[in-house]
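Coordinates from data.cif are shown below (mmCIF, C-alpha atoms and all ligand atoms; chains and numbers go by the auth columns).
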data_protein
loop_
_atom_site.group_PDB
_atom_site.id
_atom_site.type_symbol
_atom_site.label_atom_id
_atom_site.label_comp_id
_atom_site.label_asym_id
_atom_site.label_seq_id
_atom_site.Cartn_x
_atom_site.Cartn_y
_atom_site.Cartn_z
_atom_site.B_iso_or_equiv
_atom_site.auth_seq_id
_atom_site.auth_asym_id
ATOM 1 C CA MET A 1 0.000 0.000 0.000 0.00 1 W
ATOM 2 C CA PRO A 2 1.491 3.449 -0.884 0.00 2 W
ATOM 3 C CA PRO A 3 2.196 5.736 2.101 0.00 3 W
ATOM 4 C CA GLN A 4 -0.782 7.911 3.142 0.00 4 W
ATOM 5 C CA SER A 5 0.232 11.529 3.700 0.00 5 W
ATOM 6 C CA SER A 6 -2.010 11.972 6.748 0.00 6 W
ATOM 7 C CA ALA A 7 -0.817 8.740 8.307 0.00 7 W
ATOM 8 C CA LEU A 8 1.553 8.762 11.257 0.00 8 W
ATOM 9 C CA GLN A 9 5.117 7.882 10.307 0.00 9 W
ATOM 10 C CA VAL A 10 6.727 5.431 12.717 0.00 10 W
ATOM 11 C CA VAL A 11 10.318 4.285 12.344 0.00 11 W
ATOM 12 C CA ALA A 12 11.599 1.175 14.140 0.00 12 W
ATOM 13 C CA ILE A 13 15.339 0.652 14.533 0.00 13 W
ATOM 14 C CA PRO A 14 16.969 -2.589 15.706 0.00 14 W
ATOM 15 C CA GLY A 15 20.285 -2.341 17.546 0.00 15 W
ATOM 16 C CA SER A 16 21.556 -5.833 16.781 0.00 16 W
ATOM 17 C CA VAL A 17 23.122 -6.997 13.534 0.00 17 W
ATOM 18 C CA ARG A 18 23.841 -10.529 14.777 0.00 18 W
ATOM 19 C CA PRO A 19 22.474 -13.164 12.351 0.00 19 W
ATOM 20 C CA GLY A 20 19.200 -14.478 13.782 0.00 20 W
ATOM 21 C CA ASN A 21 19.225 -11.845 16.503 0.00 21 W
ATOM 22 C CA PHE A 22 16.473 -11.811 19.129 0.00 22 W
ATOM 23 C CA THR A 23 16.121 -8.042 19.028 0.00 23 W
ATOM 24 C CA GLY A 24 14.831 -8.405 15.471 0.00 24 W
ATOM 25 C CA LYS A 25 12.431 -11.158 16.523 0.00 25 W
ATOM 26 C CA ALA A 26 10.933 -8.981 19.266 0.00 26 W
ATOM 27 C CA LEU A 27 10.747 -6.023 16.915 0.00 27 W
ATOM 28 C CA ALA A 28 9.008 -8.140 14.259 0.00 28 W
ATOM 29 C CA ILE A 29 6.153 -8.799 16.700 0.00 29 W
ATOM 30 C CA LEU A 30 5.857 -5.115 17.498 0.00 30 W
ATOM 31 C CA ALA A 31 5.914 -4.329 13.767 0.00 31 W
ATOM 32 C CA ASP A 32 3.166 -6.893 13.181 0.00 32 W
ATOM 33 C CA GLU A 33 1.004 -5.155 15.786 0.00 33 W
ATOM 34 C CA LEU A 34 1.669 -1.708 14.327 0.00 34 W
ATOM 35 C CA ARG A 35 0.850 -2.850 10.805 0.00 35 W
ATOM 36 C CA GLN A 36 -2.604 -3.939 11.989 0.00 36 W
ATOM 37 C CA LYS A 37 -3.384 -0.390 13.149 0.00 37 W
ATOM 38 C CA PRO A 38 -5.003 2.020 10.708 0.00 38 W
ATOM 39 C CA GLY A 39 -3.303 5.289 9.817 0.00 39 W
ATOM 40 C CA ILE A 40 0.239 4.117 10.385 0.00 40 W
ATOM 41 C CA ASN A 41 3.170 3.961 8.002 0.00 41 W
ATOM 42 C CA LEU A 42 5.870 1.848 9.582 0.00 42 W
ATOM 43 C CA GLU A 43 9.423 1.786 8.321 0.00 43 W
ATOM 44 C CA LEU A 44 11.612 -0.931 9.768 0.00 44 W
ATOM 45 C CA ILE A 45 15.244 0.101 9.370 0.00 45 W
ATOM 46 C CA GLU A 46 17.594 -2.667 8.225 0.00 46 W
ATOM 47 C CA THR A 47 20.462 -1.587 10.439 0.00 47 W
ATOM 48 C CA ALA A 48 22.778 -4.367 9.234 0.00 48 W
ATOM 49 C CA ARG A 49 22.454 -3.192 5.638 0.00 49 W
ATOM 50 C CA ILE A 50 23.469 0.409 6.292 0.00 50 W
ATOM 51 C CA ASP A 51 27.158 1.272 6.301 0.00 51 W
ATOM 52 C CA PHE A 52 27.092 3.662 9.276 0.00 52 W
ATOM 53 C CA PRO A 53 30.433 5.492 9.555 0.00 53 W
ATOM 54 C CA LEU A 54 32.216 5.769 12.887 0.00 54 W
ATOM 55 C CA PRO A 55 31.287 8.871 14.917 0.00 55 W
ATOM 56 C CA GLY A 56 32.571 12.103 13.416 0.00 56 W
ATOM 57 C CA MET A 57 33.395 10.461 10.079 0.00 57 W
ATOM 58 C CA SER A 58 31.440 10.673 6.841 0.00 58 W
ATOM 59 C CA ASN A 59 31.344 8.089 4.078 0.00 59 W
ATOM 60 C CA GLY A 60 28.881 9.879 1.813 0.00 60 W
ATOM 61 C CA SER A 61 26.622 6.838 1.849 0.00 61 W
ATOM 62 C CA PRO A 62 23.210 7.569 0.280 0.00 62 W
ATOM 63 C CA ALA A 63 21.732 4.953 2.637 0.00 63 W
ATOM 64 C CA VAL A 64 22.923 6.920 5.673 0.00 64 W
ATOM 65 C CA LYS A 65 21.508 10.157 4.229 0.00 65 W
ATOM 66 C CA ARG A 66 18.195 8.452 3.539 0.00 66 W
ATOM 67 C CA PHE A 67 18.204 7.036 7.068 0.00 67 W
ATOM 68 C CA GLN A 68 18.670 10.536 8.505 0.00 68 W
ATOM 69 C CA GLU A 69 15.832 11.888 6.379 0.00 69 W
ATOM 70 C CA THR A 70 13.572 9.033 7.460 0.00 70 W
ATOM 71 C CA VAL A 71 14.263 9.716 11.135 0.00 71 W
ATOM 72 C CA SER A 72 13.734 13.464 10.668 0.00 72 W
ATOM 73 C CA ALA A 73 10.351 12.884 9.014 0.00 73 W
ATOM 74 C CA ALA A 74 9.148 10.422 11.656 0.00 74 W
ATOM 75 C CA ASP A 75 6.344 11.207 14.096 0.00 75 W
ATOM 76 C CA GLY A 76 7.526 8.482 16.446 0.00 76 W
ATOM 77 C CA ILE A 77 10.555 6.236 16.816 0.00 77 W
ATOM 78 C CA ILE A 78 11.027 2.778 18.300 0.00 78 W
ATOM 79 C CA LEU A 79 14.531 1.837 19.417 0.00 79 W
ATOM 80 C CA ALA A 80 15.100 -1.860 20.120 0.00 80 W
ATOM 81 C CA THR A 81 18.370 -2.948 21.665 0.00 81 W
ATOM 82 C CA PRO A 82 20.034 -6.034 23.076 0.00 82 W
ATOM 83 C CA GLU A 83 21.820 -5.782 26.401 0.00 83 W
ATOM 84 C CA TYR A 84 25.554 -6.132 25.801 0.00 84 W
ATOM 85 C CA HIS A 85 27.973 -5.873 28.725 0.00 85 W
ATOM 86 C CA GLY A 86 25.520 -4.138 31.004 0.00 86 W
ATOM 87 C CA SER A 87 24.412 -1.496 28.510 0.00 87 W
ATOM 88 C CA PHE A 88 22.749 -1.016 25.162 0.00 88 W
ATOM 89 C CA SER A 89 24.631 -2.177 22.089 0.00 89 W
ATOM 90 C CA SER A 90 27.421 -0.232 20.436 0.00 90 W
ATOM 91 C CA VAL A 91 25.452 -0.736 17.213 0.00 91 W
ATOM 92 C CA MET A 92 22.594 1.291 18.676 0.00 92 W
ATOM 93 C CA LYS A 93 25.037 3.968 19.851 0.00 93 W
ATOM 94 C CA LEU A 94 26.533 4.145 16.356 0.00 94 W
ATOM 95 C CA VAL A 95 23.052 4.508 14.886 0.00 95 W
ATOM 96 C CA ILE A 96 22.317 7.378 17.278 0.00 96 W
ATOM 97 C CA GLU A 97 25.700 9.019 16.521 0.00 97 W
ATOM 98 C CA ASN A 98 24.652 9.013 12.872 0.00 98 W
ATOM 99 C CA MET A 99 21.442 10.930 13.462 0.00 99 W
ATOM 100 C CA GLY A 100 23.287 14.271 13.255 0.00 100 W
ATOM 101 C CA PHE A 101 23.630 17.431 15.327 0.00 101 W
ATOM 102 C CA PRO A 102 21.131 18.416 16.548 0.00 102 W
ATOM 103 C CA SER A 103 20.022 14.828 16.758 0.00 103 W
ATOM 104 C CA GLY A 104 17.193 13.588 14.568 0.00 104 W
ATOM 105 C CA LEU A 105 15.746 12.233 17.809 0.00 105 W
ATOM 106 C CA SER A 106 15.359 15.717 19.253 0.00 106 W
ATOM 107 C CA GLY A 107 11.727 16.425 20.054 0.00 107 W
ATOM 108 C CA LYS A 108 10.603 12.985 18.885 0.00 108 W
ATOM 109 C CA PRO A 109 8.565 10.578 20.987 0.00 109 W
ATOM 110 C CA VAL A 110 10.680 7.448 21.416 0.00 110 W
ATOM 111 C CA ALA A 111 9.538 4.040 22.679 0.00 111 W
ATOM 112 C CA LEU A 112 12.150 1.584 23.950 0.00 112 W
ATOM 113 C CA LEU A 113 12.394 -2.201 23.776 0.00 113 W
ATOM 114 C CA GLY A 114 15.263 -4.290 25.138 0.00 114 W
ATOM 115 C CA VAL A 115 16.192 -7.977 25.133 0.00 115 W
ATOM 116 C CA ALA A 116 18.735 -9.837 27.235 0.00 116 W
ATOM 117 C CA ALA A 117 19.840 -13.380 27.940 0.00 117 W
ATOM 118 C CA GLY A 118 20.062 -12.672 31.663 0.00 118 W
ATOM 119 C CA LYS A 119 17.382 -13.051 34.330 0.00 119 W
ATOM 120 C CA ILE A 120 17.089 -9.351 35.119 0.00 120 W
ATOM 121 C CA GLY A 121 16.427 -8.503 31.503 0.00 121 W
ATOM 122 C CA ALA A 122 17.640 -5.440 29.643 0.00 122 W
ATOM 123 C CA ILE A 123 17.090 -3.018 32.543 0.00 123 W
ATOM 124 C CA LYS A 124 20.559 -1.481 32.382 0.00 124 W
ATOM 125 C CA ALA A 125 20.537 -1.252 28.599 0.00 125 W
ATOM 126 C CA LEU A 126 17.175 0.525 28.702 0.00 126 W
ATOM 127 C CA GLU A 127 18.190 2.933 31.450 0.00 127 W
ATOM 128 C CA HIS A 128 21.358 3.899 29.586 0.00 128 W
ATOM 129 C CA LEU A 129 19.482 4.241 26.323 0.00 129 W
ATOM 130 C CA ARG A 130 16.817 6.368 27.994 0.00 130 W
ATOM 131 C CA SER A 131 19.549 8.638 29.346 0.00 131 W
ATOM 132 C CA VAL A 132 21.192 9.120 25.938 0.00 132 W
ATOM 133 C CA CYS A 133 17.857 9.706 24.217 0.00 133 W
ATOM 134 C CA SER A 134 16.871 12.290 26.820 0.00 134 W
ATOM 135 C CA HIS A 135 20.275 13.935 26.480 0.00 135 W
ATOM 136 C CA VAL A 136 19.672 14.582 22.789 0.00 136 W
ATOM 137 C CA GLY A 137 16.166 15.924 23.439 0.00 137 W
ATOM 138 C CA ALA A 138 13.966 12.944 22.667 0.00 138 W
ATOM 139 C CA ILE A 139 10.690 12.488 24.530 0.00 139 W
ATOM 140 C CA VAL A 140 11.218 9.028 25.955 0.00 140 W
ATOM 141 C CA LEU A 141 7.915 7.341 26.705 0.00 141 W
ATOM 142 C CA PRO A 142 7.464 5.622 30.043 0.00 142 W
ATOM 143 C CA GLY A 143 6.993 1.854 30.160 0.00 143 W
ATOM 144 C CA PRO A 144 9.909 0.439 28.182 0.00 144 W
ATOM 145 C CA ILE A 145 9.642 -3.294 27.536 0.00 145 W
ATOM 146 C CA SER A 146 12.449 -5.486 28.863 0.00 146 W
ATOM 147 C CA ILE A 147 12.587 -9.152 27.813 0.00 147 W
ATOM 148 C CA ALA A 148 14.605 -11.431 30.103 0.00 148 W
ATOM 149 C CA GLY A 149 15.922 -14.887 29.237 0.00 149 W
ATOM 150 C CA VAL A 150 15.297 -14.086 25.609 0.00 150 W
ATOM 151 C CA GLN A 151 16.695 -17.392 24.273 0.00 151 W
ATOM 152 C CA GLN A 152 13.766 -19.176 25.935 0.00 152 W
ATOM 153 C CA VAL A 153 11.185 -16.687 24.717 0.00 153 W
ATOM 154 C CA PHE A 154 11.482 -17.086 20.933 0.00 154 W
ATOM 155 C CA ASP A 155 11.847 -20.119 18.709 0.00 155 W
ATOM 156 C CA GLU A 156 14.031 -20.322 15.598 0.00 156 W
ATOM 157 C CA GLU A 157 11.240 -18.973 13.393 0.00 157 W
ATOM 158 C CA GLY A 158 10.690 -15.959 15.629 0.00 158 W
ATOM 159 C CA ASN A 159 7.474 -17.183 17.253 0.00 159 W
ATOM 160 C CA CYS A 160 7.061 -15.912 20.780 0.00 160 W
ATOM 161 C CA LEU A 161 6.640 -18.862 23.138 0.00 161 W
ATOM 162 C CA ASN A 162 5.450 -16.759 26.060 0.00 162 W
ATOM 163 C CA LYS A 163 2.015 -15.224 25.507 0.00 163 W
ATOM 164 C CA GLY A 164 2.476 -12.746 28.366 0.00 164 W
ATOM 165 C CA VAL A 165 5.676 -11.404 26.853 0.00 165 W
ATOM 166 C CA GLU A 166 4.076 -11.237 23.423 0.00 166 W
ATOM 167 C CA GLN A 167 1.213 -9.218 24.886 0.00 167 W
ATOM 168 C CA GLU A 168 3.675 -6.823 26.513 0.00 168 W
ATOM 169 C CA ILE A 169 5.535 -6.311 23.244 0.00 169 W
ATOM 170 C CA ARG A 170 2.288 -5.685 21.376 0.00 170 W
ATOM 171 C CA SER A 171 1.118 -3.225 24.036 0.00 171 W
ATOM 172 C CA LEU A 172 4.073 -0.979 23.263 0.00 172 W
ATOM 173 C CA ALA A 173 2.507 -0.292 19.849 0.00 173 W
ATOM 174 C CA GLY A 174 -0.717 0.917 21.462 0.00 174 W
ATOM 175 C CA ASN A 175 1.146 3.077 23.977 0.00 175 W
ATOM 176 C CA LEU A 176 3.162 4.806 21.292 0.00 176 W
ATOM 177 C CA LEU A 177 0.147 5.412 19.069 0.00 177 W
ATOM 178 C CA ASP A 178 -1.976 6.705 21.956 0.00 178 W
ATOM 179 C CA TYR A 179 0.755 9.181 22.754 0.00 179 W
ATOM 180 C CA LEU A 180 1.207 10.250 19.127 0.00 180 W
ATOM 181 C CA ARG A 181 -2.521 10.751 18.602 0.00 181 W
ATOM 182 C CA LYS A 182 -3.372 12.475 21.855 0.00 182 W
ATOM 183 C CA SER A 183 -0.362 14.628 22.584 0.00 183 W
ATOM 184 C CA GLN A 184 0.533 16.190 19.298 0.00 184 W
ATOM 185 C CA CYS A 185 -1.144 19.331 18.041 0.00 185 W
ATOM 186 C CA PRO A 186 -2.639 18.621 14.648 0.00 186 W
ATOM 187 C CA GLU A 187 -0.663 20.139 11.817 0.00 187 W
ATOM 188 C CA VAL A 188 -2.905 22.690 10.127 0.00 188 W
ATOM 189 C CA PRO A 189 -2.457 22.766 6.353 0.00 189 W
ATOM 190 C CA LEU A 190 -2.551 26.510 5.714 0.00 190 W
ATOM 191 C CA GLU A 191 -3.660 26.163 2.101 0.00 191 W
ATOM 192 C CA GLU A 192 -6.673 24.183 3.275 0.00 192 W
ATOM 193 C CA MET A 193 -7.582 26.957 5.707 0.00 193 W
ATOM 194 C CA VAL A 194 -7.418 29.523 2.906 0.00 194 W
ATOM 195 C CA ARG A 195 -9.579 27.379 0.622 0.00 195 W
ATOM 196 C CA HIS A 196 -12.223 26.911 3.296 0.00 196 W
ATOM 197 C CA GLY A 197 -12.126 30.583 4.244 0.00 197 W
ATOM 198 C CA ASN A 198 -12.778 29.933 7.885 0.00 198 W
ATOM 199 C CA SER A 199 -10.185 28.165 9.951 0.00 199 W
ATOM 200 C CA MET A 200 -12.819 27.275 12.549 0.00 200 W
ATOM 201 C CA GLU A 201 -14.470 24.999 10.031 0.00 201 W
ATOM 202 C CA TRP A 202 -11.308 23.095 9.327 0.00 202 W
ATOM 203 C CA ALA A 203 -10.927 19.768 11.061 0.00 203 W
ATOM 204 C CA PRO A 204 -7.684 17.778 11.136 0.00 204 W
ATOM 205 C CA PRO A 205 -7.669 14.556 9.147 0.00 205 W
ATOM 206 C CA THR A 206 -8.672 11.633 11.289 0.00 206 W
ATOM 207 C CA VAL A 207 -5.946 9.030 11.633 0.00 207 W
HETATM 208 C C1 LIG B . 28.953 -8.778 23.415 0.00 301 E
HETATM 209 C C2 LIG B . 27.838 -9.363 24.207 0.00 301 E
HETATM 210 C C3 LIG B . 27.618 -8.934 25.504 0.00 301 E
HETATM 211 C C4 LIG B . 26.549 -9.434 26.249 0.00 301 E
HETATM 212 N N1 LIG B . 26.314 -8.949 27.495 0.00 301 E
HETATM 213 C C5 LIG B . 25.183 -9.324 28.156 0.00 301 E
HETATM 214 C C6 LIG B . 24.821 -8.726 29.398 0.00 301 E
HETATM 215 O O1 LIG B . 25.499 -7.860 29.912 0.00 301 E
HETATM 216 N N2 LIG B . 23.675 -9.129 30.010 0.00 301 E
HETATM 217 C C7 LIG B . 22.870 -10.096 29.449 0.00 301 E
HETATM 218 O O2 LIG B . 21.839 -10.427 30.035 0.00 301 E
HETATM 219 N N3 LIG B . 23.196 -10.671 28.277 0.00 301 E
HETATM 220 C C8 LIG B . 24.319 -10.302 27.624 0.00 301 E
HETATM 221 N N4 LIG B . 24.629 -10.867 26.407 0.00 301 E
HETATM 222 C C9 LIG B . 23.723 -11.845 25.849 0.00 301 E
HETATM 223 C C10 LIG B . 22.683 -11.142 25.004 0.00 301 E
HETATM 224 O O3 LIG B . 21.777 -10.430 25.788 0.00 301 E
HETATM 225 C C11 LIG B . 21.959 -12.171 24.157 0.00 301 E
HETATM 226 O O4 LIG B . 22.895 -12.785 23.293 0.00 301 E
HETATM 227 C C12 LIG B . 20.860 -11.570 23.339 0.00 301 E
HETATM 228 O O5 LIG B . 20.343 -12.577 22.531 0.00 301 E
HETATM 229 C C13 LIG B . 21.411 -10.490 22.493 0.00 301 E
HETATM 230 O O6 LIG B . 20.437 -9.972 21.648 0.00 301 E
HETATM 231 P P1 LIG B . 20.504 -10.206 20.081 0.00 301 E
HETATM 232 O O7 LIG B . 20.186 -11.664 19.894 0.00 301 E
HETATM 233 O O8 LIG B . 19.443 -9.314 19.593 0.00 301 E
HETATM 234 O O9 LIG B . 21.853 -9.836 19.574 0.00 301 E
HETATM 235 C C14 LIG B . 25.704 -10.399 25.677 0.00 301 E
HETATM 236 C C15 LIG B . 25.934 -10.838 24.365 0.00 301 E
HETATM 237 C C16 LIG B . 26.977 -10.322 23.634 0.00 301 E
HETATM 238 C C17 LIG B . 27.168 -10.763 22.194 0.00 301 E
#
Using the file provided, produce a representation of the structure as structure tokens.
Amino acid sequence: MPPQSSALQVVAIPGSVRPGNFTGKALAILADELRQKPGINLELIETARIDFPLPGMSNGSPAVKRFQETVSAADGIILATPEYHGSFSSVMKLVIENMGFPSGLSGKPVALLGVAAGKIGAIKALEHLRSVCSHVGAIVLPGPISIAGVQQVFDEEGNCLNKGVEQEIRSLAGNLLDYLRKSQCPEVPLEEMVRHGNSMEWAPPTV
């Protein structure tokens, strides 16, 4: 389906490039939930396919430029990270470093999802990621989802074996959309106001 201009633009970014990674499996469930909602255009970034340069470097990659434009145009962002060595992944940090100055995350609502092999889940990864996102001016939504013991939660095909966890992941979609729909002032298309002659008669498109 072609993108609808009045639809909300949501961008989801995985922070693992490991073949068969669990971050991608969790994100796929969230993406499935989002795609069932009306009025949403979801773009799932293929992090592993983008040649992100090291911080402060430029490689002139069109894919990186397109990535930055996609983030800038987004109404909401989902960042999904594995927990590596008690924090979020260096891949995710590199992705954030490549969002520019000021950061493309600035002013954007951001929902967080983390996966970890350990019993306490991705708590540290999510706290650190929240801190960095806040530092660059993102509006980090409360209620990040942390998945513990992730190897036991998904099968090889990416099916979630724990219905409670699946429900939690899916609920993140609803939380983000509720926030996007209820908190943002509607953008008023000025030309439309002129055509209708009376701005009071203009109603924002329903999404
Ligand atoms: C470099 C590295 C560091 C890790 N550090 C942690 C850790 O601190 N805590 C934890 O619970 N799991 C840790 N793990 C295990 C990961 O959480 C687990 O492999 C998980 O599946 C990673 O997500 P991914 O499959 O999306 O890459 C680590 C894994 C790697 C590769």
Q. At what distance in Å, to one decimal, does atom O4 of ligand LIG 301 (chain E) lie from atom CA of Ser171 of chain W?
A.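 A separation of 23.8 Å between them.
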Q: Considering only C-alpha atoms and all ligand atoms, state which residue in the set W:Leu172, W:Ala111, W:Ala148, W:Ile96 is at the smallest distance from ligand LIG 301 (chain E).
A: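 Nearest candidate to ligand LIG 301 (chain E) out of W:Leu172, W:Ala111, W:Ala148, W:Ile96: W:Ala148.
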**Q.** Within 6 Å of ligand LIG 301 (chain E) (only C-alpha atoms and all ligand atoms), residues as a VMD selection string
**A.** chain W and resid 16 18 21 to 23 82 to 86 115 to 118 121
Q | Local residues around (25.3, -3.6, 15.7), at most 8 Å away, using all atoms listed in the file, as a PyMOL selection string | A | chain W and resi 15-18+47-48+89-92+94
Q) When the PyMOL selection byres (((chain W and resi 42) around 10) and not hetatm) is applied to the file above, which residues end up in the set, as a list in words? A)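 After applying the PyMOL selection byres (((chain W and resi 42) around 10) and not hetatm), what remains is Pro3, Ala7, Leu8, Gln9, Val10, Val11, Ala12, Ala31, Asp32, Leu34, Arg35, Gly39, Ile40, Asn41, Glu43, Leu44, Ile45, Ala74, Gly76 and Ile77 of chain W.
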Q: Apply the PyMOL selection byres (((chain W and resi 54) around 12) and not hetatm) to the file shown and report the selected residues as a list in words.
A: Asp51, Phe52, Pro53, Pro55, Gly56, Met57, Ser58, Asn59, Val64, Ser90, Val91, Lys93, Leu94, Val95, Ile96, Glu97, Asn98 and Met99 of chain W
Q. Could you pull the residues within 9 Å of Gly104 of chain W, counting all atoms listed in the file, minus those fewer than 2 positions along the same chain, as a PyMOL selection string?
A. chain W and resi 68-69+71-73+96+98-102+106-108+136+138
**Q.** From W:Ala80, W:Cys160, W:Leu141, W:Leu105, residue lying nearest Ala122 of chain W [only C-alpha atoms]
**A.**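 Of W:Ala80, W:Cys160, W:Leu141, W:Leu105, the one nearest Ala122 of chain W is W:Ala80, counting only C-alpha atoms.
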Q | Selected residue of minimal separation from Ile50 of chain W among W:Leu79, W:Ile13, W:Ala173, W:Leu180, counting all atoms listed in the file | A | W:Ile13
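Reported to one decimal place, the separation of atom CA of Tyr179 of chain W from atom CA of Asn159 of chain W is 27.8 Å.
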Q: Expand the PyMOL selection byres (((chain W and resi 153) around 10) and not hetatm) into the individual residues it matches in the shown file, reporting them as a PyMOL selection string.
A: chain W and resi 22+25-26+117+147-152+154-155+158-163+165-166
Q: Would you mind telling me which residue in W:Thr81, W:Ser6, W:Asn175, W:Gln36 lies nearest to Gly24 of chain W when using all atoms listed in the file?
A: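 Looking only at the distances to Gly24 of chain W, the closest residue turns out to be W:Thr81.
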Q) How many Å lie between atom CA of Arg49 of chain W and atom CA of Glu157 of chain W, rounded to one decimal? A)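 Rounded to one decimal, the two atoms are 20.9 Å apart.
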Let me know the centre plus edge lengths, in Å and rounded to one decimal, of a box with edges along x, y and z that contains all listed atoms of segment 94-107 of chain W and is padded by 5 Å on every side, as JSON.
{"center_x": 19.1, "center_y": 11.3, "center_z": 16.5, "size_x": 24.8, "size_y": 24.3, "size_z": 17.2}
Mind completing segment 72-88 of chain W with N, CA, C and O atoms? Output as a short mmCIF file (atom, residue, chain, number, x, y, z; two decimals), in the coordinates of the input, please?
data_model
loop_
_atom_site.label_atom_id
_atom_site.label_comp_id
_atom_site.auth_asym_id
_atom_site.auth_seq_id
_atom_site.Cartn_x
_atom_site.Cartn_y
_atom_site.Cartn_z
N SER W 72 14.21 12.07 10.53
CA SER W 72 13.73 13.46 10.67
C SER W 72 12.24 13.58 10.37
O SER W 72 11.54 14.39 10.98
N ALA W 73 11.76 12.78 9.42
CA ALA W 73 10.35 12.88 9.01
C ALA W 73 9.42 12.08 9.92
O ALA W 73 8.20 12.19 9.80
N ALA W 74 9.98 11.32 10.84
CA ALA W 74 9.15 10.42 11.66
C ALA W 74 8.34 11.18 12.70
O ALA W 74 8.80 12.19 13.25
N ASP W 75 7.13 10.68 12.97
CA ASP W 75 6.34 11.21 14.10
C ASP W 75 6.74 10.51 15.38
O ASP W 75 6.64 11.08 16.46
N GLY W 76 7.14 9.26 15.26
CA GLY W 76 7.53 8.48 16.45
C GLY W 76 8.59 7.47 16.07
O GLY W 76 8.65 7.02 14.92
N ILE W 77 9.42 7.14 17.06
CA ILE W 77 10.56 6.24 16.82
C ILE W 77 10.50 5.09 17.84
O ILE W 77 10.16 5.33 19.01
N ILE W 78 10.84 3.91 17.38
CA ILE W 78 11.03 2.78 18.30
C ILE W 78 12.49 2.36 18.22
O ILE W 78 13.01 2.09 17.12
N LEU W 79 13.15 2.33 19.36
CA LEU W 79 14.53 1.84 19.42
C LEU W 79 14.51 0.50 20.15
O LEU W 79 14.01 0.41 21.27
N ALA W 80 15.06 -0.53 19.51
CA ALA W 80 15.10 -1.86 20.12
C ALA W 80 16.56 -2.28 20.25
O ALA W 80 17.31 -2.28 19.27
N THR W 81 16.95 -2.63 21.45
CA THR W 81 18.37 -2.95 21.66
C THR W 81 18.56 -4.24 22.46
O THR W 81 17.75 -4.55 23.34
N PRO W 82 19.64 -4.96 22.16
CA PRO W 82 20.03 -6.03 23.08
C PRO W 82 20.82 -5.44 24.24
O PRO W 82 21.32 -4.32 24.13
N GLU W 83 20.90 -6.20 25.33
CA GLU W 83 21.82 -5.78 26.40
C GLU W 83 23.16 -6.46 26.14
O GLU W 83 23.24 -7.68 26.06
N TYR W 84 24.19 -5.64 25.98
CA TYR W 84 25.55 -6.13 25.80
C TYR W 84 26.42 -5.50 26.90
O TYR W 84 26.50 -4.27 27.00
N HIS W 85 27.05 -6.35 27.69
CA HIS W 85 27.97 -5.87 28.72
C HIS W 85 27.36 -4.78 29.59
O HIS W 85 27.96 -3.71 29.80
N GLY W 86 26.16 -5.04 30.05
CA GLY W 86 25.52 -4.14 31.00
C GLY W 86 25.07 -2.81 30.43
O GLY W 86 24.84 -1.86 31.18
N SER W 87 24.89 -2.74 29.11
CA SER W 87 24.41 -1.50 28.51
C SER W 87 23.72 -1.81 27.19
O SER W 87 23.56 -2.98 26.84
N PHE W 88 23.31 -0.77 26.49
CA PHE W 88 22.75 -1.02 25.16
C PHE W 88 23.89 -1.24 24.18
O PHE W 88 25.05 -0.95 24.49
#
